[in-house]
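S.K.: Take this structure, written in structure tokens, and hold onto it; I'll ask about it next.
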Amino acid sequence: SGVVLVNDDNEDAEESATPTAASPTIPTHNDGICDTLLSFHAGIVQRVDHAITRYFLLPITTFAAKNPYTCCSMTIVISILLPVLVFMTDSFVLETDIGNMWTPVKSAVNDNREWLGTTGHFRKRRFPRFIEIMVHADDNNILTVEGIQHLFEAVDTIRSIPTYQQHCNNAAKMATEAAKGGETNDEEEQSVGECNIIGVTRLWNHDTQSIDFDTTTIDELKRMIFESQSFPDQLPVPHNRILSPWDPAISLDDAIIRAFKTEIYLPNDIGSENSMALKVEDDIVDAIVELRSKWESESEEHESNEKLKIEILTKSVLESEILDATLVDVPLVIATFAVMCIFSSLVFMDFTKTNDAHGRRFVNSSGILGLGAMFTILLSTIAGYSICIFMRMPFTILIVGLTFVVFGIGLDDAFILWGGWKDTASSHHDNHNSASNHLVHRVRTTVERVGMTITSTTLTSVLAFLAGTFSQLPAIRWVCTYAAVTIFVDFVLQISFFVSLMVLNQRRIDNGYYDFLVFVRAPAPDNARCRGVEDKAGKGEHQSTNTMSMAADGNWKFDELPPNGGVVAFDTNDDGGAIETTMPSTTRGRAKEARIADDTVTSRSHSPIFAGNEHDNELPRTAASSSSGMSPSPSMSTPTPNHDKAWSSQGIMMRYGNFLLKPLTKTVVIVAFATLLAAGAISLSNLEKEFDYTVLLTRDSILHGYFAADERYVPTAIGGIAYFVFRDLNVSDPNHQAAMIGFVDDMVARNDALSERPQLFWLEHFLQYQNATANSTSVSPNRTFNETLDDFLSIDIVDTVYGVDITRDNVTGEVIASRTTFYYDTPYNDAVIQEYAFTKQLEITREQEINQGRSRPAVFTHSPWYAGWSHHAAVNRDVPMALLSGYAAVFVVCMLTIPHIIGVGLAMLMTGMVAVVLGGVIPWAGFYFNSLNATNILIAIGFVVDFNLHVLHGYLQSPAQIDGKQLNRHDRVMHSLQTVGWSVFLGGSSSFLGICALGLASSGLMWRGFVLGISLILLGLGHGLILLPVLLSIVGPTANRKLPVQRDN
């Protein structure tokens, strides 16, 4: 049994004489525990509906209807003031840093990063800025004289940049002063350290003059590269980092190298507004890009098969490319808004209403209201985003993508409200003293019909996104907050601002002003003798009424009655004779005011104008004539069928419903959707995890070449630089020294992502130096640890390698903190290995005995890559929790707003099926499981309910009978499709159009949003308008249950 929700309190009954369409009550039997529970649930739903409608929806919409100008003015002023407030408080934050976006908020990575880079003891000796260049020849062997010569050219280009030379000299100078005990100025954030280039060219001290490329053979070059174990400055040669691929067991004759990698380290001074290191990095990028163009031109001129290429990777380029991807699509947002305005206006236009002979066609059209609907969404977006920005929520590339979704989804409520408003035009009883009261009453009736439907769909979307705000991933938390706030603001503006626009639009129609040309009034007809009729025609209420009836073949068809139940009025023709004309039933209360000659009225007791009682029109238009007990008058002319109605929105949905509900069609639909669900589940089981950061870049980013080459040539790359960090230790204590060495050994032994022990561990080299000099006669036997460390760091090569990695107290000389560099064996895009590496190092760090009982670990590891790797680990526990929370929130809303447990089950079934199939689309489209794609599934859970709830509410609110015929499941489905089906289709179409713009966006992220968004809309429409009606026709509730609710006055 279903529930009919009727707001029938006495106060509203006096003001509104239009109960809902589903007022008839079917007797039920409360003779079982199940029926008792169903009745209890129905009662809760009815009371929730009554409370929300009476105490929230009706007050807001009534105020908007009574004071449309005030409501519109207040909305516009507030929407403008909010961005001004944001500007005045300087709250806008544009976030492009991957670490800040994807590092979990409760991760120790954030604490360690802050300590190391902001407040820790490495403040003056920051992690250097890392730049990597790769020279390759498109899968050809680059271990040639020409290849090495080009590599030297690339390094020389960098070293000859003036800003590079200046920065390196200043940094070296500051490092010398710091070694002598001098102080650096924290305010200036000056660089400390030396510029460092690690690559093949370092074997010759980066000096091109040291090689005669005309006489040197390739065998000599191979021998120098492969057999050298250290550079001229005694630093070990990291072959696996500078040669790709590297196989130490291969012979020189068979050696093939496909890429030379060169690492460049710049002393970092980030923190100042005019960062010199950042400027140098930008200059290096510009120089490499210019060099790349030069090489391409040379290859084309010489028509060489070996096209040498150079790729570059820097943090600043990565951040700037993400920034470009965020801002470059802003013009596309504006273009999308313009297209949506055109689409919305076309939807709201209606040239078929009435009476073009009197010039009413362009008056009754409401295209300008379509612009108002989009303007409502624009104000909602501005207000919602401003609120989030004022809350210090950073703006990211994900928010840009969200804007396209909001533009498309935001029109759904407007279409539903407009559909309900149009329905009241022909069935609404006007018993008020003024046009203003008439419109207020019409607004209240519209809200009583569709208000709870749009409220429930808004709640599901908002709560689903609120579940996402509990994510530990900042980027997901931010975008879900923006979405939840903006969708709620859009809902509030739809029931206030847009309702005011509907009232103003109706006033325009009543006063005869043209659509769009709102200051131009249509000419009044000269031969209108029946002014009451003409006035009502101007209101768009003079239109024919269609009812549905069952044809002999079992299909539904239109029965066209005279307007509003066959009310007939009389006018005079040009010759002064009486003619019969159709008059809207809404004028019967004003029949005395109509200028109709008394001699044309046959008899008051027999005239159809006065037939029935004053409440006949309160019934829905589909049952008005039959319920009134009125029979056609002999004087009523036989109506002429309007063939255009077959291709109206109702006619299309009627034809569609008759086809959909055929037994064969229903069988095909069930089999097809069951197959789709099975295929989606199978595909979902094959989902792989990966987070490709290149999706955050523009499609023409210069970084795509680097990542593609790295993946192609270095499948087992040394993918992540990292550091062993030691703090809060007494390094002179042998126990603490053993703990430091043991931590490194344990990490290398137990973490499979770390296959090589650090070659440069300062403590091991220091202990070797200490033991080697312990028995020296030139060393005092009473020499302290700090004095020995002073002597150790006084060696030039030692200071070059370890000077920036050891921080000492300026007074006592004690070691406060130190670090040691190592490298993970992790490809940049292998999420599985990265997640393992991160979680394993956390486990090993927690188990270290030296860390027990401390508020913060004394030994730990840190890497710039941990921001992304911790994201992979968080996805496993974070995303499922967000999805389950969102699904649970949707279930709660459905339980409180759908008055039958079967309806709740069907709504949740549709939502779950769409989520599963959409998850299956991810691997079908070549995508991977990560937080971005999981967010799309969360969006699906929130939005796909919209398609289902509207159809469900239309079904449950259908009348119990029409023309004395009891409606079965088939009939109620037809009624639901005709009342809300077209609005649901328009809402899906607008969403489709808005999301299509994502396909034109510049970033890979937007492209993924486009593919999954289009899939979501198609799946939502398919399940809501195809599968759900079929299931309702089979297992839908067959009776309405109306429970008594105590009303007060």
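In the structure tokens, chains take the letters A, B, ... in the order shown, each chain's residues start at 1, and ligands count up from 1 in the order shown.
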Would you kindly return, as a ChimeraX atom specification, each protein, DNA or RNA residue with an atom no farther than 9 Å from any atom of stretch 216-222 of chain A, considering only C-alpha atoms and excluding same-chain residues fewer than 3 positions away?
M.R.: /A:143-145,148,211-213,225-227,252-253,255
S.K.: Counting only C-alpha atoms, what is within 10 Å of A:Val105, bar same-chain residues fewer than 3 positions away, as a list in words?
M.R.: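 After dropping sequence-adjacent residues, the list is Asn100, Met101, Trp102, Ala108, Val109, Asn110, Asp111, Ser471, Gln472, Leu473, Pro474 and Arg477 of chain A.
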S.K.: Using only C-alpha atoms, can you tell me which of A:Arg258, A:His862, A:Arg292, A:His736 comes closest to A:Asp139?
M.R.: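 Nearest candidate to A:Asp139 out of A:Arg258, A:His862, A:Arg292, A:His736: A:Arg258.
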S.K.: List every residue of stretch 929-992 of chain A that has an atom at most 10 Å from any atom of stretch 396-411 of chain A, and for each one report the closest atom pair and its distance in Å to one decimal, counting only C-alpha atoms, with rows sorted by chain and then by increasing residue number, as a tab-separated table.
M.R.:
residue	atom	partner	partner_atom	distance
A:Leu932	CA	A:Leu398	CA	8.9
A:Ile939	CA	A:Val405	CA	9.8
A:Phe943	CA	A:Ile409	CA	8.2
A:Asp946	CA	A:Ile409	CA	9.7
A:Leu986	CA	A:Leu411	CA	8.7
A:Gly987	CA	A:Leu411	CA	6.2
A:Gly988	CA	A:Ile409	CA	7.7
A:Ser989	CA	A:Gly408	CA	8.2
A:Ser990	CA	A:Gly408	CA	5.0
A:Ser991	CA	A:Gly408	CA	3.7
A:Phe992	CA	A:Gly408	CA	6.8
S.K.: Rounded to one decimal in Å, what is the spacing between atom CA of A:Thr201 and atom CA of A:Phe152?
M.R.: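 Separation between atom CA of A:Thr201 and atom CA of A:Phe152: 6.3 Å.
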S.K.: In Å to one decimal, how far is atom CA of A:Phe87 from atom CA of A:Tyr69?
M.R.: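 So the answer is 27.6 Å.
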S.K.: Excluding stretch 754-764 of chain A and any residue of its chain fewer than 4 positions from it, enumerate the residues within 7 Å of it, using only C-alpha atoms, and give them as a ChimeraX atom specification.
M.R.: /A:748,768,802,820-825
S.K.: If we count only C-alpha atoms and set the cut-off at 8 Å, which residues sit around stretch 886-902 of chain A, ignoring sequence neighbours fewer than 6 positions away in its own chain? Please answer as a PyMOL selection string.
M.R.: chain A and resi 1-4+38+41-42+44-46+48-49+452+456+459-461+463-468+908+938+941-942+945+952-953+956+1035-1037
S.K.: Output the selection as a PDB file, in the first residue's frame - C-alpha atoms for each residue.
M.R.:
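What ended up in out25.pdb:
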ATOM      1  CA  SER A   1       0.000   0.000   0.000  1.00  0.00           C
ATOM      2  CA  GLY A   2       1.197   3.497  -0.819  1.00  0.00           C
ATOM      3  CA  VAL A   3       0.769   6.785   0.954  1.00  0.00           C
ATOM      4  CA  VAL A   4      -0.863   9.939  -0.303  1.00  0.00           C
ATOM      5  CA  LEU A  38       3.963  -0.395   7.007  1.00  0.00           C
ATOM      6  CA  HIS A  41       6.300   3.901   8.362  1.00  0.00           C
ATOM      7  CA  ALA A  42       3.619   5.584   6.250  1.00  0.00           C
ATOM      8  CA  ILE A  44       6.172   8.893   9.736  1.00  0.00           C
ATOM      9  CA  VAL A  45       6.541   9.791   6.066  1.00  0.00           C
ATOM     10  CA  GLN A  46       3.261  11.695   6.135  1.00  0.00           C
ATOM     11  CA  VAL A  48       7.703  14.469   7.730  1.00  0.00           C
ATOM     12  CA  ASP A  49       6.054  15.636   4.528  1.00  0.00           C
ATOM     13  CA  MET A 452       8.500  17.358  -1.386  1.00  0.00           C
ATOM     14  CA  SER A 456      13.949  14.731  -1.202  1.00  0.00           C
ATOM     15  CA  LEU A 459      18.562  16.006   0.414  1.00  0.00           C
ATOM     16  CA  THR A 460      19.944  12.844  -1.174  1.00  0.00           C
ATOM     17  CA  SER A 461      22.491  14.803  -3.196  1.00  0.00           C
ATOM     18  CA  LEU A 463      23.861  14.201   2.200  1.00  0.00           C
ATOM     19  CA  ALA A 464      25.825  12.070  -0.254  1.00  0.00           C
ATOM     20  CA  PHE A 465      28.313  14.896  -0.711  1.00  0.00           C
ATOM     21  CA  LEU A 466      28.391  15.616   3.012  1.00  0.00           C
ATOM     22  CA  ALA A 467      29.501  12.020   3.481  1.00  0.00           C
ATOM     23  CA  GLY A 468      32.398  12.833   1.159  1.00  0.00           C
ATOM     24  CA  MET A 908      17.950   1.826  -3.484  1.00  0.00           C
ATOM     25  CA  LEU A 938      29.833   9.236  -5.027  1.00  0.00           C
ATOM     26  CA  ILE A 941      24.917   7.913  -5.648  1.00  0.00           C
ATOM     27  CA  GLY A 942      23.753  11.448  -4.903  1.00  0.00           C
ATOM     28  CA  VAL A 945      18.317   9.156  -7.064  1.00  0.00           C
ATOM     29  CA  LEU A 952       8.377   7.086  -7.815  1.00  0.00           C
ATOM     30  CA  HIS A 953       6.600  10.098  -6.368  1.00  0.00           C
ATOM     31  CA  LEU A 956       2.637   6.995  -5.556  1.00  0.00           C
ATOM     32  CA  VAL A1035       5.756  -5.069  -8.276  1.00  0.00           C
ATOM     33  CA  GLY A1036       4.672  -1.484  -7.581  1.00  0.00           C
ATOM     34  CA  PRO A1037       2.205  -0.693  -4.751  1.00  0.00           C
TER      35      PRO A1037
END
S.K.: Would you list, as an MDAnalysis selection string, the residues of stretch 622-839 of chain A that end up in strand (DSSP E or B) under DSSP run on this structure's backbone?
M.R.: chainID A and resid 689 698 720:727 806:808 815:824
S.K.: Could those selected residues go to a file with N, CA and C atoms, as a compact mmCIF listing (two decimals), in the first residue's frame?
M.R.:
# COMPACT_ATOMS: atom_id res chain seq x y z
N LYS A 689 44.19 -0.34 -9.34
CA LYS A 689 44.44 0.95 -8.68
C LYS A 689 45.63 1.64 -9.34
N THR A 698 47.28 19.85 -18.51
CA THR A 698 46.65 20.10 -19.80
C THR A 698 47.15 19.06 -20.81
N GLY A 720 61.64 7.24 -6.72
CA GLY A 720 61.32 8.15 -5.64
C GLY A 720 62.51 8.43 -4.74
N ILE A 721 62.96 9.69 -4.72
CA ILE A 721 64.01 10.08 -3.79
C ILE A 721 63.41 10.22 -2.41
N ALA A 722 64.15 9.79 -1.40
CA ALA A 722 63.65 9.83 -0.03
C ALA A 722 64.84 10.05 0.92
N TYR A 723 64.51 10.24 2.20
CA TYR A 723 65.54 10.54 3.19
C TYR A 723 65.26 9.77 4.47
N PHE A 724 66.31 9.20 5.05
CA PHE A 724 66.27 8.78 6.45
C PHE A 724 66.53 10.03 7.29
N VAL A 725 65.66 10.31 8.22
CA VAL A 725 65.78 11.51 9.05
C VAL A 725 65.95 11.09 10.50
N PHE A 726 66.90 11.73 11.19
CA PHE A 726 67.19 11.45 12.60
C PHE A 726 67.13 12.75 13.39
N ARG A 727 66.42 12.73 14.51
CA ARG A 727 66.28 13.92 15.34
C ARG A 727 66.13 13.48 16.80
N ILE A 806 73.54 17.78 7.76
CA ILE A 806 73.78 17.72 9.21
C ILE A 806 73.55 19.11 9.78
N THR A 807 72.64 19.21 10.72
CA THR A 807 72.34 20.48 11.38
C THR A 807 72.86 20.42 12.81
N ARG A 808 73.67 21.43 13.19
CA ARG A 808 74.31 21.42 14.52
C ARG A 808 73.94 22.69 15.27
N VAL A 815 74.87 17.70 17.29
CA VAL A 815 74.07 17.39 16.12
C VAL A 815 72.60 17.39 16.54
N ILE A 816 71.83 18.30 15.97
CA ILE A 816 70.41 18.41 16.30
C ILE A 816 69.57 17.49 15.42
N ALA A 817 69.90 17.46 14.16
CA ALA A 817 69.16 16.63 13.20
C ALA A 817 70.08 16.31 12.04
N SER A 818 69.79 15.21 11.38
CA SER A 818 70.57 14.81 10.20
C SER A 818 69.70 13.96 9.30
N ARG A 819 70.19 13.77 8.09
CA ARG A 819 69.41 12.99 7.12
C ARG A 819 70.37 12.27 6.18
N THR A 820 69.84 11.23 5.53
CA THR A 820 70.60 10.45 4.57
C THR A 820 69.71 10.13 3.39
N THR A 821 70.23 10.34 2.19
CA THR A 821 69.43 10.16 0.98
C THR A 821 69.42 8.70 0.54
N PHE A 822 68.24 8.24 0.10
CA PHE A 822 68.14 6.93 -0.53
C PHE A 822 67.06 6.99 -1.60
N TYR A 823 66.92 5.90 -2.36
CA TYR A 823 65.99 5.89 -3.49
C TYR A 823 65.15 4.62 -3.45
N TYR A 824 63.84 4.81 -3.75
CA TYR A 824 62.93 3.67 -3.87
C TYR A 824 62.95 3.13 -5.29
S.K.: By how many Å are atom CA of A:Pro523 and atom CA of A:His441 apart?
M.R.: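 Result for atom CA of A:Pro523 versus atom CA of A:His441: 28.8 Å, one decimal.
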S.K.: For A:Phe92, please output as a PyMOL selection string all residues within 8 Å (counting only C-alpha atoms; exclusion window: fewer than 6 positions along the same chain).
M.R.: chain A and resi 86+389-390+392+394-395
